[in-house]
Structures are given as structure tokens and as C-alpha cells.
$ cat start-v8.cif   # mmCIF, C-alpha atoms
data_target
#
loop_
_atom_site.group_PDB
_atom_site.id
_atom_site.type_symbol
_atom_site.label_atom_id
_atom_site.label_comp_id
_atom_site.auth_asym_id
_atom_site.auth_seq_id
_atom_site.Cartn_x
_atom_site.Cartn_y
_atom_site.Cartn_z
ATOM 1 C CA MET D 1 0.000 0.000 0.000
ATOM 2 C CA ILE D 2 1.306 3.440 -0.960
ATOM 3 C CA SER D 3 0.259 6.512 1.012
ATOM 4 C CA ALA D 4 0.700 10.232 0.487
ATOM 5 C CA ILE D 5 0.838 12.873 3.200
ATOM 6 C CA LEU D 6 -0.111 16.290 1.844
ATOM 7 C CA LEU D 7 1.010 19.222 3.968
ATOM 8 C CA ALA D 8 -1.655 21.937 3.832
ATOM 9 C CA ALA D 9 -1.492 23.533 7.291
ATOM 10 C CA GLY D 10 0.789 26.525 6.694
ATOM 11 C CA GLN D 11 -0.036 30.183 7.161
ATOM 12 C CA SER D 12 0.948 31.523 3.692
ATOM 13 C CA LYS D 13 2.905 34.355 5.354
ATOM 14 C CA ARG D 14 4.483 35.552 2.099
ATOM 15 C CA MET D 15 1.058 35.966 0.469
ATOM 16 C CA VAL D 16 0.233 39.153 2.424
ATOM 17 C CA GLY D 17 -3.185 38.258 3.802
ATOM 18 C CA GLU D 18 -4.222 35.589 1.290
ATOM 19 C CA ASN D 19 -4.210 31.840 1.782
ATOM 20 C CA LYS D 20 -2.193 30.569 -1.171
ATOM 21 C CA LEU D 21 -3.889 27.168 -1.116
ATOM 22 C CA ALA D 22 -7.309 28.789 -1.653
ATOM 23 C CA LYS D 23 -6.050 31.224 -4.307
ATOM 24 C CA GLU D 24 -6.977 30.268 -7.841
ATOM 25 C CA PHE D 25 -4.362 29.110 -10.308
ATOM 26 C CA ARG D 26 -5.659 28.559 -13.832
ATOM 27 C CA GLY D 27 -9.214 28.960 -12.529
ATOM 28 C CA ILE D 28 -8.954 26.328 -9.773
ATOM 29 C CA PRO D 29 -7.844 26.690 -6.125
ATOM 30 C CA LEU D 30 -4.167 25.765 -5.809
ATOM 31 C CA ILE D 31 -4.768 22.956 -3.296
ATOM 32 C CA LYS D 32 -7.244 21.269 -5.637
ATOM 33 C CA HIS D 33 -4.567 20.903 -8.329
ATOM 34 C CA SER D 34 -2.244 19.167 -5.869
ATOM 35 C CA VAL D 35 -4.956 16.876 -4.497
ATOM 36 C CA ASP D 36 -6.313 15.926 -7.918
ATOM 37 C CA ASN D 37 -2.834 15.059 -9.207
ATOM 38 C CA ILE D 38 -2.110 12.842 -6.206
ATOM 39 C CA LEU D 39 -5.504 11.123 -6.342
ATOM 40 C CA SER D 40 -5.117 10.381 -10.056
ATOM 41 C CA SER D 41 -1.887 8.493 -9.322
ATOM 42 C CA ASP D 42 -1.552 4.945 -8.001
ATOM 43 C CA ILE D 43 -1.558 5.920 -4.313
ATOM 44 C CA ASP D 44 -3.948 4.077 -1.995
ATOM 45 C CA GLU D 45 -4.555 6.742 0.643
ATOM 46 C CA LEU D 46 -4.108 10.501 0.913
ATOM 47 C CA ILE D 47 -3.709 12.069 4.335
ATOM 48 C CA ILE D 48 -4.277 15.815 4.128
ATOM 49 C CA VAL D 49 -2.864 17.703 7.101
ATOM 50 C CA LEU D 50 -4.827 20.900 7.715
ATOM 51 C CA GLY D 51 -4.173 23.688 10.202
ATOM 52 C CA TYR D 52 -4.377 27.376 9.326
ATOM 53 C CA GLN D 53 -7.857 28.193 7.937
ATOM 54 C CA LYS D 54 -8.631 24.479 7.990
ATOM 55 C CA LYS D 55 -12.349 24.857 7.214
ATOM 56 C CA ILE D 56 -11.694 27.010 4.139
ATOM 57 C CA ILE D 57 -9.244 24.481 2.708
ATOM 58 C CA GLN D 58 -11.358 21.431 3.575
ATOM 59 C CA ASN D 59 -14.447 22.991 1.970
ATOM 60 C CA ILE D 60 -12.586 23.449 -1.331
ATOM 61 C CA LEU D 61 -12.004 19.704 -1.642
ATOM 62 C CA GLU D 62 -14.544 17.067 -2.589
ATOM 63 C CA LYS D 63 -14.949 13.997 -0.422
ATOM 64 C CA ASN D 64 -13.118 10.933 -1.636
ATOM 65 C CA LYS D 65 -12.776 7.505 -0.042
ATOM 66 C CA LYS D 66 -8.975 7.738 -0.348
ATOM 67 C CA ILE D 67 -8.793 11.032 1.601
ATOM 68 C CA LYS D 68 -8.339 11.261 5.348
ATOM 69 C CA PHE D 69 -8.316 14.796 6.798
ATOM 70 C CA VAL D 70 -6.277 15.348 9.961
ATOM 71 C CA ILE D 71 -5.825 18.574 11.905
ATOM 72 C CA ASN D 72 -2.552 19.995 13.163
ATOM 73 C CA GLU D 73 -3.532 22.376 15.957
ATOM 74 C CA ASN D 74 0.167 23.246 16.383
ATOM 75 C CA PHE D 75 0.720 24.317 12.765
ATOM 76 C CA ALA D 76 2.409 27.557 13.895
ATOM 77 C CA ASP D 77 5.234 25.456 15.375
ATOM 78 C CA GLY D 78 6.459 24.483 11.918
ATOM 79 C CA MET D 79 6.284 21.971 9.109
ATOM 80 C CA SER D 80 7.699 19.122 11.188
ATOM 81 C CA THR D 81 4.554 19.114 13.345
ATOM 82 C CA SER D 82 2.406 18.547 10.251
ATOM 83 C CA ILE D 83 4.643 15.738 9.025
ATOM 84 C CA LYS D 84 4.374 13.991 12.408
ATOM 85 C CA ILE D 85 0.565 14.309 12.495
ATOM 86 C CA GLY D 86 0.421 12.819 8.998
ATOM 87 C CA LEU D 87 2.712 9.945 9.964
ATOM 88 C CA ASP D 88 0.591 9.250 13.058
ATOM 89 C CA HIS D 89 -2.382 8.637 10.734
ATOM 90 C CA LEU D 90 -0.702 6.404 8.155
ATOM 91 C CA SER D 91 -2.458 3.124 7.537
ATOM 92 C CA LYS D 92 -0.742 0.212 9.262
ATOM 93 C CA LYS D 93 -0.751 -1.472 5.824
ATOM 94 C CA SER D 94 1.308 1.313 4.245
ATOM 95 C CA ASP D 95 4.630 0.105 2.781
ATOM 96 C CA ALA D 96 5.780 3.534 1.632
ATOM 97 C CA PHE D 97 4.641 7.140 1.748
ATOM 98 C CA PHE D 98 5.156 10.389 -0.086
ATOM 99 C CA ILE D 99 5.550 13.673 1.708
ATOM 100 C CA CYS D 100 3.854 16.173 -0.581
ATOM 101 C CA LEU D 101 3.459 19.938 -0.431
ATOM 102 C CA GLY D 102 0.095 21.578 -1.037
ATOM 103 C CA ASP D 103 1.738 24.474 -2.881
ATOM 104 C CA MET D 104 3.226 22.346 -5.666
ATOM 105 C CA PRO D 105 0.268 22.063 -8.070
ATOM 106 C CA MET D 106 2.081 20.925 -11.192
ATOM 107 C CA ILE D 107 3.538 17.628 -10.060
ATOM 108 C CA ASN D 108 1.509 15.284 -12.220
ATOM 109 C CA LYS D 109 0.448 11.673 -11.726
ATOM 110 C CA LYS D 110 3.181 10.419 -14.085
ATOM 111 C CA ILE D 111 5.826 11.624 -11.634
ATOM 112 C CA TYR D 112 4.133 9.939 -8.660
ATOM 113 C CA ASN D 113 3.652 6.715 -10.605
ATOM 114 C CA HIS D 114 7.231 6.730 -11.895
ATOM 115 C CA LEU D 115 8.575 6.935 -8.338
ATOM 116 C CA ILE D 116 6.174 4.226 -7.139
ATOM 117 C CA LYS D 117 7.278 1.930 -9.976
ATOM 118 C CA LEU D 118 10.969 2.380 -9.123
ATOM 119 C CA ARG D 119 10.487 1.945 -5.367
ATOM 120 C CA LYS D 120 11.485 -1.719 -4.896
ATOM 121 C CA ASP D 121 13.755 -2.046 -1.827
ATOM 122 C CA ASN D 122 14.902 1.554 -1.623
ATOM 123 C CA ASP D 123 14.317 3.461 1.609
ATOM 124 C CA ILE D 124 14.192 6.933 0.033
ATOM 125 C CA LEU D 125 13.476 7.973 -3.553
ATOM 126 C CA VAL D 126 14.222 11.584 -4.362
ATOM 127 C CA PRO D 127 13.307 13.141 -7.689
ATOM 128 C CA THR D 128 16.007 15.446 -9.036
ATOM 129 C CA TYR D 129 15.954 18.165 -11.652
ATOM 130 C CA LYS D 130 19.336 19.329 -12.987
ATOM 131 C CA ASN D 131 21.043 17.626 -10.019
ATOM 132 C CA LYS D 132 18.856 19.489 -7.516
ATOM 133 C CA GLN D 133 16.744 17.509 -5.046
ATOM 134 C CA ALA D 134 13.047 18.166 -5.500
ATOM 135 C CA ASN D 135 9.603 16.848 -4.539
ATOM 136 C CA PRO D 136 7.748 14.658 -3.826
ATOM 137 C CA VAL D 137 10.019 12.359 -1.833
ATOM 138 C CA LEU D 138 8.951 8.732 -1.398
ATOM 139 C CA PHE D 139 9.975 7.032 1.863
ATOM 140 C CA SER D 140 9.738 3.392 2.859
ATOM 141 C CA LYS D 141 7.862 2.664 6.081
ATOM 142 C CA PHE D 142 11.243 1.924 7.681
ATOM 143 C CA MET D 143 12.064 5.654 7.625
ATOM 144 C CA LYS D 144 9.058 6.657 9.733
ATOM 145 C CA THR D 145 10.879 6.591 13.096
ATOM 146 C CA SER D 146 13.734 8.754 11.772
ATOM 147 C CA ILE D 147 11.338 11.302 10.297
ATOM 148 C CA MET D 148 9.431 11.513 13.581
ATOM 149 C CA SER D 149 12.623 12.940 15.158
ATOM 150 C CA VAL D 150 12.563 16.125 13.034
ATOM 151 C CA THR D 151 11.620 19.313 14.908
ATOM 152 C CA GLY D 152 10.877 22.944 14.056
ATOM 153 C CA ASP D 153 9.939 24.468 10.739
ATOM 154 C CA PHE D 154 11.740 21.863 8.672
ATOM 155 C CA GLY D 155 10.573 19.186 6.324
ATOM 156 C CA ALA D 156 12.466 15.971 5.788
ATOM 157 C CA LYS D 157 15.608 17.635 4.378
ATOM 158 C CA LYS D 158 17.470 16.852 7.604
ATOM 159 C CA ILE D 159 16.565 13.170 7.179
ATOM 160 C CA LEU D 160 17.861 13.234 3.605
ATOM 161 C CA ASN D 161 21.157 14.750 4.742
ATOM 162 C CA GLU D 162 21.555 12.137 7.496
ATOM 163 C CA ASN D 163 20.665 9.173 5.255
ATOM 164 C CA LYS D 164 22.486 9.829 1.983
ATOM 165 C CA SER D 165 23.439 6.173 1.626
ATOM 166 C CA LYS D 166 19.743 5.184 1.608
ATOM 167 C CA ILE D 167 18.729 7.597 -1.155
ATOM 168 C CA LEU D 168 18.069 6.657 -4.738
ATOM 169 C CA ASN D 169 18.052 9.854 -6.805
ATOM 170 C CA ILE D 170 15.686 9.710 -9.760
ATOM 171 C CA LYS D 171 16.404 12.139 -12.581
ATOM 172 C CA ILE D 172 13.174 13.719 -13.805
ATOM 173 C CA ASP D 173 13.280 16.210 -16.650
ATOM 174 C CA ASP D 174 10.404 18.359 -15.411
ATOM 175 C CA ILE D 175 10.983 21.733 -13.736
ATOM 176 C CA ASN D 176 7.591 21.422 -12.021
ATOM 177 C CA ILE D 177 9.090 19.180 -9.350
ATOM 178 C CA THR D 178 10.958 22.280 -8.118
ATOM 179 C CA LYS D 179 8.159 24.837 -8.489
ATOM 180 C CA ASP D 180 6.284 25.835 -5.353
ATOM 181 C CA PHE D 181 3.953 28.793 -4.972
ATOM 182 C CA ASN D 182 4.786 31.177 -2.127
ATOM 183 C CA THR D 183 4.179 34.717 -3.406
ATOM 184 C CA LYS D 184 1.564 36.377 -5.571
ATOM 185 C CA ASP D 185 4.099 36.563 -8.425
ATOM 186 C CA ASP D 186 4.387 32.758 -8.437
ATOM 187 C CA PHE D 187 0.745 32.562 -9.583
ATOM 188 C CA ASN D 188 1.704 34.234 -12.882
ATOM 189 C CA PHE D 189 3.704 31.130 -13.883
#
$ encode --input "start-v8.cif" --output "C-alpha cells"
Amino acid sequence: MISAILLAAGQSKRMVGENKLAKEFRGIPLIKHSVDNILSSDIDELIIVLGYQKKIIQNILEKNKKIKFVINENFADGMSTSIKIGLDHLSKKSDAFFICLGDMPMINKKIYNHLIKLRKDNDILVPTYKNKQANPVLFSKFMKTSIMSVTGDFGAKKILNENKSKILNIKIDDINITKDFNTKDDFNF
């Protein structure tokens, strides 16, 4: 079973009063692009971690049997708190999981499926674009305990740095795996 944890709890501080996940990109709220792309892939469950303006974000998304919404009441304490909440809600049957970012709307199902297909016995699969690590990262269930040790406003980058020997880098010729939306200018992409 393959799971995805979608981080959607942040405060969009660089958006000057707007929630970037609710802002429309190409006529659709940003978060909906990310969710639809993940759901169209071969994942079995999607855990969406909400926090800041949780009702607004949840109301944008349609119900789906693969989706499990979880709330991070401590979202202001940083990204690591959202990752941990997501990991706490992984299915016991999950063999591997993606950590996905709600503000990366152009990662398509082909990228998710390509990483799933190459998974085999690797603990960490990292997509790369022009030798730069990107998203989404796919972790085996054996990495869960290590990831739970991360603190503060950090994602899993610390885990990647500490486990270089466990990483399989996957070259993907698609700039979208590096493109997140943080400012109003990013929406003009």
C-alpha cells in the first residue's frame, strides 16, 4: 500500500493576507490541483494535514474515499509538526509514503507513478531536476521513526542529509518538481 501525506497547514505568510492554497491558479484553487494530481496516481490513501484556515481548505475539496483529513492544531510550530501528524495517521498497511506539499500544483500523476514503480527495496526515492533535489520524496515505512525525530519548521531535508546512503536519486526532466507557490508573483507562472 502506498500513502501520500499532503502538507496543507501553513499560514501563507508571504502571500500578504491571502491563503495561497485557496487562491486560484488557472481557474482552480491551488490545493485542488495538488490533491487531484495525487488522487489520479496509483496511491492508496491521501492524508491531508490541515491547520491554518482548515475549514476554508477542507471545503474546497470534494470527499473521496482515499482522503483522510487530519488537523494539526500546532501548525504555527512548523512543518515538522504537520509531518508527524500525517505519519501518526498512516495506515498500518502502508509500505511507503510520499511527503507532498500543497503548494506544488504541477507535479503530475506520471511523476508519482514513476517513483512508485521504481520503489522496490529503496528506503528513500528523491526526484532530481538538474542535479537538484526536489519533490515529492517517497519514503519506505522503515524511515518513519527517523522522520518523527525532526523538529521545528523543517521538512524531511534533515533526514535526507543524514541518510544519503539510503537515497536513490531519480532524474526527472520536469521543472515542475521544483516549483512551489509562495508569493503572488508565483501565480503568474
$ closest_residue --input "start-v8.cif" --among "D:Asp103, D:Ser82, D:Ile5, D:Ile71" --to "Lys32 (chain D)" --atoms "all atoms listed in the file"
D:Asp103
$ resolve_selection --input "start-v8.cif" --expression "the PyMOL selection byres ((chain D and resi 47) around 12)" --output "ChimeraX atom specification"
/D:2-8,35,38-39,43-46,48-50,64-72,82-91,94,97-102
$ closest_residue --input "start-v8.cif" --among "D:Met104, D:Val126, D:Met79, D:Ile56" --to "Phe181 (chain D)" --atoms "all atoms listed in the file"
D:Met104
$ atom_distance --input "start-v8.cif" --atom1 "CA of Tyr129 (chain D)" --atom2 "CA of Lys157 (chain D)"
16.0 Å
$ atom_distance --input "start-v8.cif" --atom1 "CA of Asn135 (chain D)" --atom2 "CA of Asp95 (chain D)"
18.9 Å
$ atom_distance --input "start-v8.cif" --atom1 "CA of Lys141 (chain D)" --atom2 "CA of Asp77 (chain D)"
24.8 Å
$ resolve_selection --input "start-v8.cif" --expression "the PyMOL selection byres ((chain D and resi 59) around 12)" --output "JSON, numbers by chain"
{"D": [21, 22, 29, 31, 32, 50, 53, 54, 55, 56, 57, 58, 60, 61, 62, 63, 69]}
$ closest_residue --input "start-v8.cif" --among "D:Val137, D:Ile111, D:Ile28, D:Ala96" --to "Asn169 (chain D)" --atoms "only C-alpha atoms"
D:Val137
$ closest_residue --input "start-v8.cif" --among "D:Ile147, D:Met106, D:Ala134, D:Ile175" --to "Phe25 (chain D)" --atoms "only C-alpha atoms"
D:Met106
$ closest_residue --input "start-v8.cif" --among "D:Asp180, D:Asp123, D:Glu73, D:Asp173" --to "Ser34 (chain D)" --atoms "only C-alpha atoms"
D:Asp180
$ decode --input "start-v8.cif" --residues "region 40-77 of chain D" --atoms "N, CA and C atoms" --output "short mmCIF file (atom, residue, chain, number, x, y, z; two decimals), in the first residue's frame"
data_model
loop_
_atom_site.label_atom_id
_atom_site.label_comp_id
_atom_site.auth_asym_id
_atom_site.auth_seq_id
_atom_site.Cartn_x
_atom_site.Cartn_y
_atom_site.Cartn_z
N SER D 40 -5.10 11.03 -8.74
CA SER D 40 -5.12 10.38 -10.06
C SER D 40 -3.94 9.41 -10.23
N SER D 41 -3.02 9.42 -9.27
CA SER D 41 -1.89 8.49 -9.32
C SER D 41 -2.29 7.16 -8.69
N ASP D 42 -1.30 6.28 -8.54
CA ASP D 42 -1.55 4.94 -8.00
C ASP D 42 -1.45 4.85 -6.48
N ILE D 43 -1.60 5.98 -5.78
CA ILE D 43 -1.56 5.92 -4.31
C ILE D 43 -2.85 5.27 -3.80
N ASP D 44 -2.79 4.74 -2.59
CA ASP D 44 -3.95 4.08 -2.00
C ASP D 44 -4.66 4.92 -0.95
N GLU D 45 -3.92 5.84 -0.32
CA GLU D 45 -4.56 6.74 0.64
C GLU D 45 -3.85 8.09 0.59
N LEU D 46 -4.63 9.14 0.87
CA LEU D 46 -4.11 10.50 0.91
C LEU D 46 -4.50 11.12 2.25
N ILE D 47 -3.49 11.42 3.04
CA ILE D 47 -3.71 12.07 4.34
C ILE D 47 -3.42 13.55 4.14
N ILE D 48 -4.44 14.38 4.30
CA ILE D 48 -4.28 15.82 4.13
C ILE D 48 -4.21 16.45 5.51
N VAL D 49 -3.07 17.07 5.80
CA VAL D 49 -2.86 17.70 7.10
C VAL D 49 -3.25 19.18 6.99
N LEU D 50 -4.32 19.53 7.71
CA LEU D 50 -4.83 20.90 7.71
C LEU D 50 -4.45 21.59 9.02
N GLY D 51 -4.47 22.92 9.00
CA GLY D 51 -4.17 23.69 10.20
C GLY D 51 -4.76 25.07 10.06
N TYR D 52 -3.95 26.00 9.54
CA TYR D 52 -4.38 27.38 9.33
C TYR D 52 -5.56 27.40 8.36
N GLN D 53 -6.63 28.09 8.75
CA GLN D 53 -7.86 28.19 7.94
C GLN D 53 -8.33 26.83 7.44
N LYS D 54 -8.33 25.87 8.34
CA LYS D 54 -8.63 24.48 7.99
C LYS D 54 -9.99 24.30 7.33
N LYS D 55 -11.00 25.02 7.80
CA LYS D 55 -12.35 24.86 7.21
C LYS D 55 -12.39 25.35 5.77
N ILE D 56 -11.73 26.47 5.51
CA ILE D 56 -11.69 27.01 4.14
C ILE D 56 -11.07 25.99 3.18
N ILE D 57 -9.94 25.44 3.58
CA ILE D 57 -9.24 24.48 2.71
C ILE D 57 -10.06 23.20 2.55
N GLN D 58 -10.59 22.68 3.65
CA GLN D 58 -11.36 21.43 3.57
C GLN D 58 -12.59 21.59 2.70
N ASN D 59 -13.23 22.76 2.76
CA ASN D 59 -14.45 22.99 1.97
C ASN D 59 -14.18 23.10 0.47
N ILE D 60 -12.95 23.37 0.09
CA ILE D 60 -12.59 23.45 -1.33
C ILE D 60 -12.56 22.05 -1.95
N LEU D 61 -12.26 21.05 -1.13
CA LEU D 61 -12.00 19.70 -1.64
C LEU D 61 -13.23 18.80 -1.55
N GLU D 62 -13.44 18.02 -2.59
CA GLU D 62 -14.54 17.07 -2.59
C GLU D 62 -14.19 15.87 -1.72
N LYS D 63 -15.18 15.22 -1.19
CA LYS D 63 -14.95 14.00 -0.42
C LYS D 63 -14.49 12.90 -1.38
N ASN D 64 -13.63 12.05 -0.85
CA ASN D 64 -13.12 10.93 -1.64
C ASN D 64 -12.74 9.84 -0.65
N LYS D 65 -13.04 8.60 -0.98
CA LYS D 65 -12.78 7.50 -0.04
C LYS D 65 -11.29 7.33 0.27
N LYS D 66 -10.42 7.84 -0.60
CA LYS D 66 -8.97 7.74 -0.35
C LYS D 66 -8.46 8.82 0.60
N ILE D 67 -9.25 9.89 0.80
CA ILE D 67 -8.79 11.03 1.60
C ILE D 67 -9.14 10.86 3.07
N LYS D 68 -8.15 11.18 3.90
CA LYS D 68 -8.34 11.26 5.35
C LYS D 68 -7.83 12.64 5.77
N PHE D 69 -8.73 13.48 6.31
CA PHE D 69 -8.32 14.80 6.80
C PHE D 69 -7.87 14.68 8.25
N VAL D 70 -6.74 15.28 8.57
CA VAL D 70 -6.28 15.35 9.96
C VAL D 70 -5.91 16.80 10.25
N ILE D 71 -6.04 17.19 11.51
CA ILE D 71 -5.82 18.57 11.90
C ILE D 71 -4.56 18.70 12.74
N ASN D 72 -3.73 19.65 12.37
CA ASN D 72 -2.55 19.99 13.16
C ASN D 72 -2.86 21.30 13.89
N GLU D 73 -3.23 21.19 15.16
CA GLU D 73 -3.53 22.38 15.96
C GLU D 73 -2.27 23.19 16.24
N ASN D 74 -1.10 22.57 16.10
CA ASN D 74 0.17 23.25 16.38
C ASN D 74 0.89 23.68 15.11
N PHE D 75 0.13 23.99 14.07
CA PHE D 75 0.72 24.32 12.77
C PHE D 75 1.71 25.48 12.85
N ALA D 76 1.51 26.40 13.78
CA ALA D 76 2.41 27.56 13.89
C ALA D 76 3.80 27.15 14.37
N ASP D 77 3.94 25.94 14.89
CA ASP D 77 5.23 25.46 15.37
C ASP D 77 6.10 24.88 14.26
#
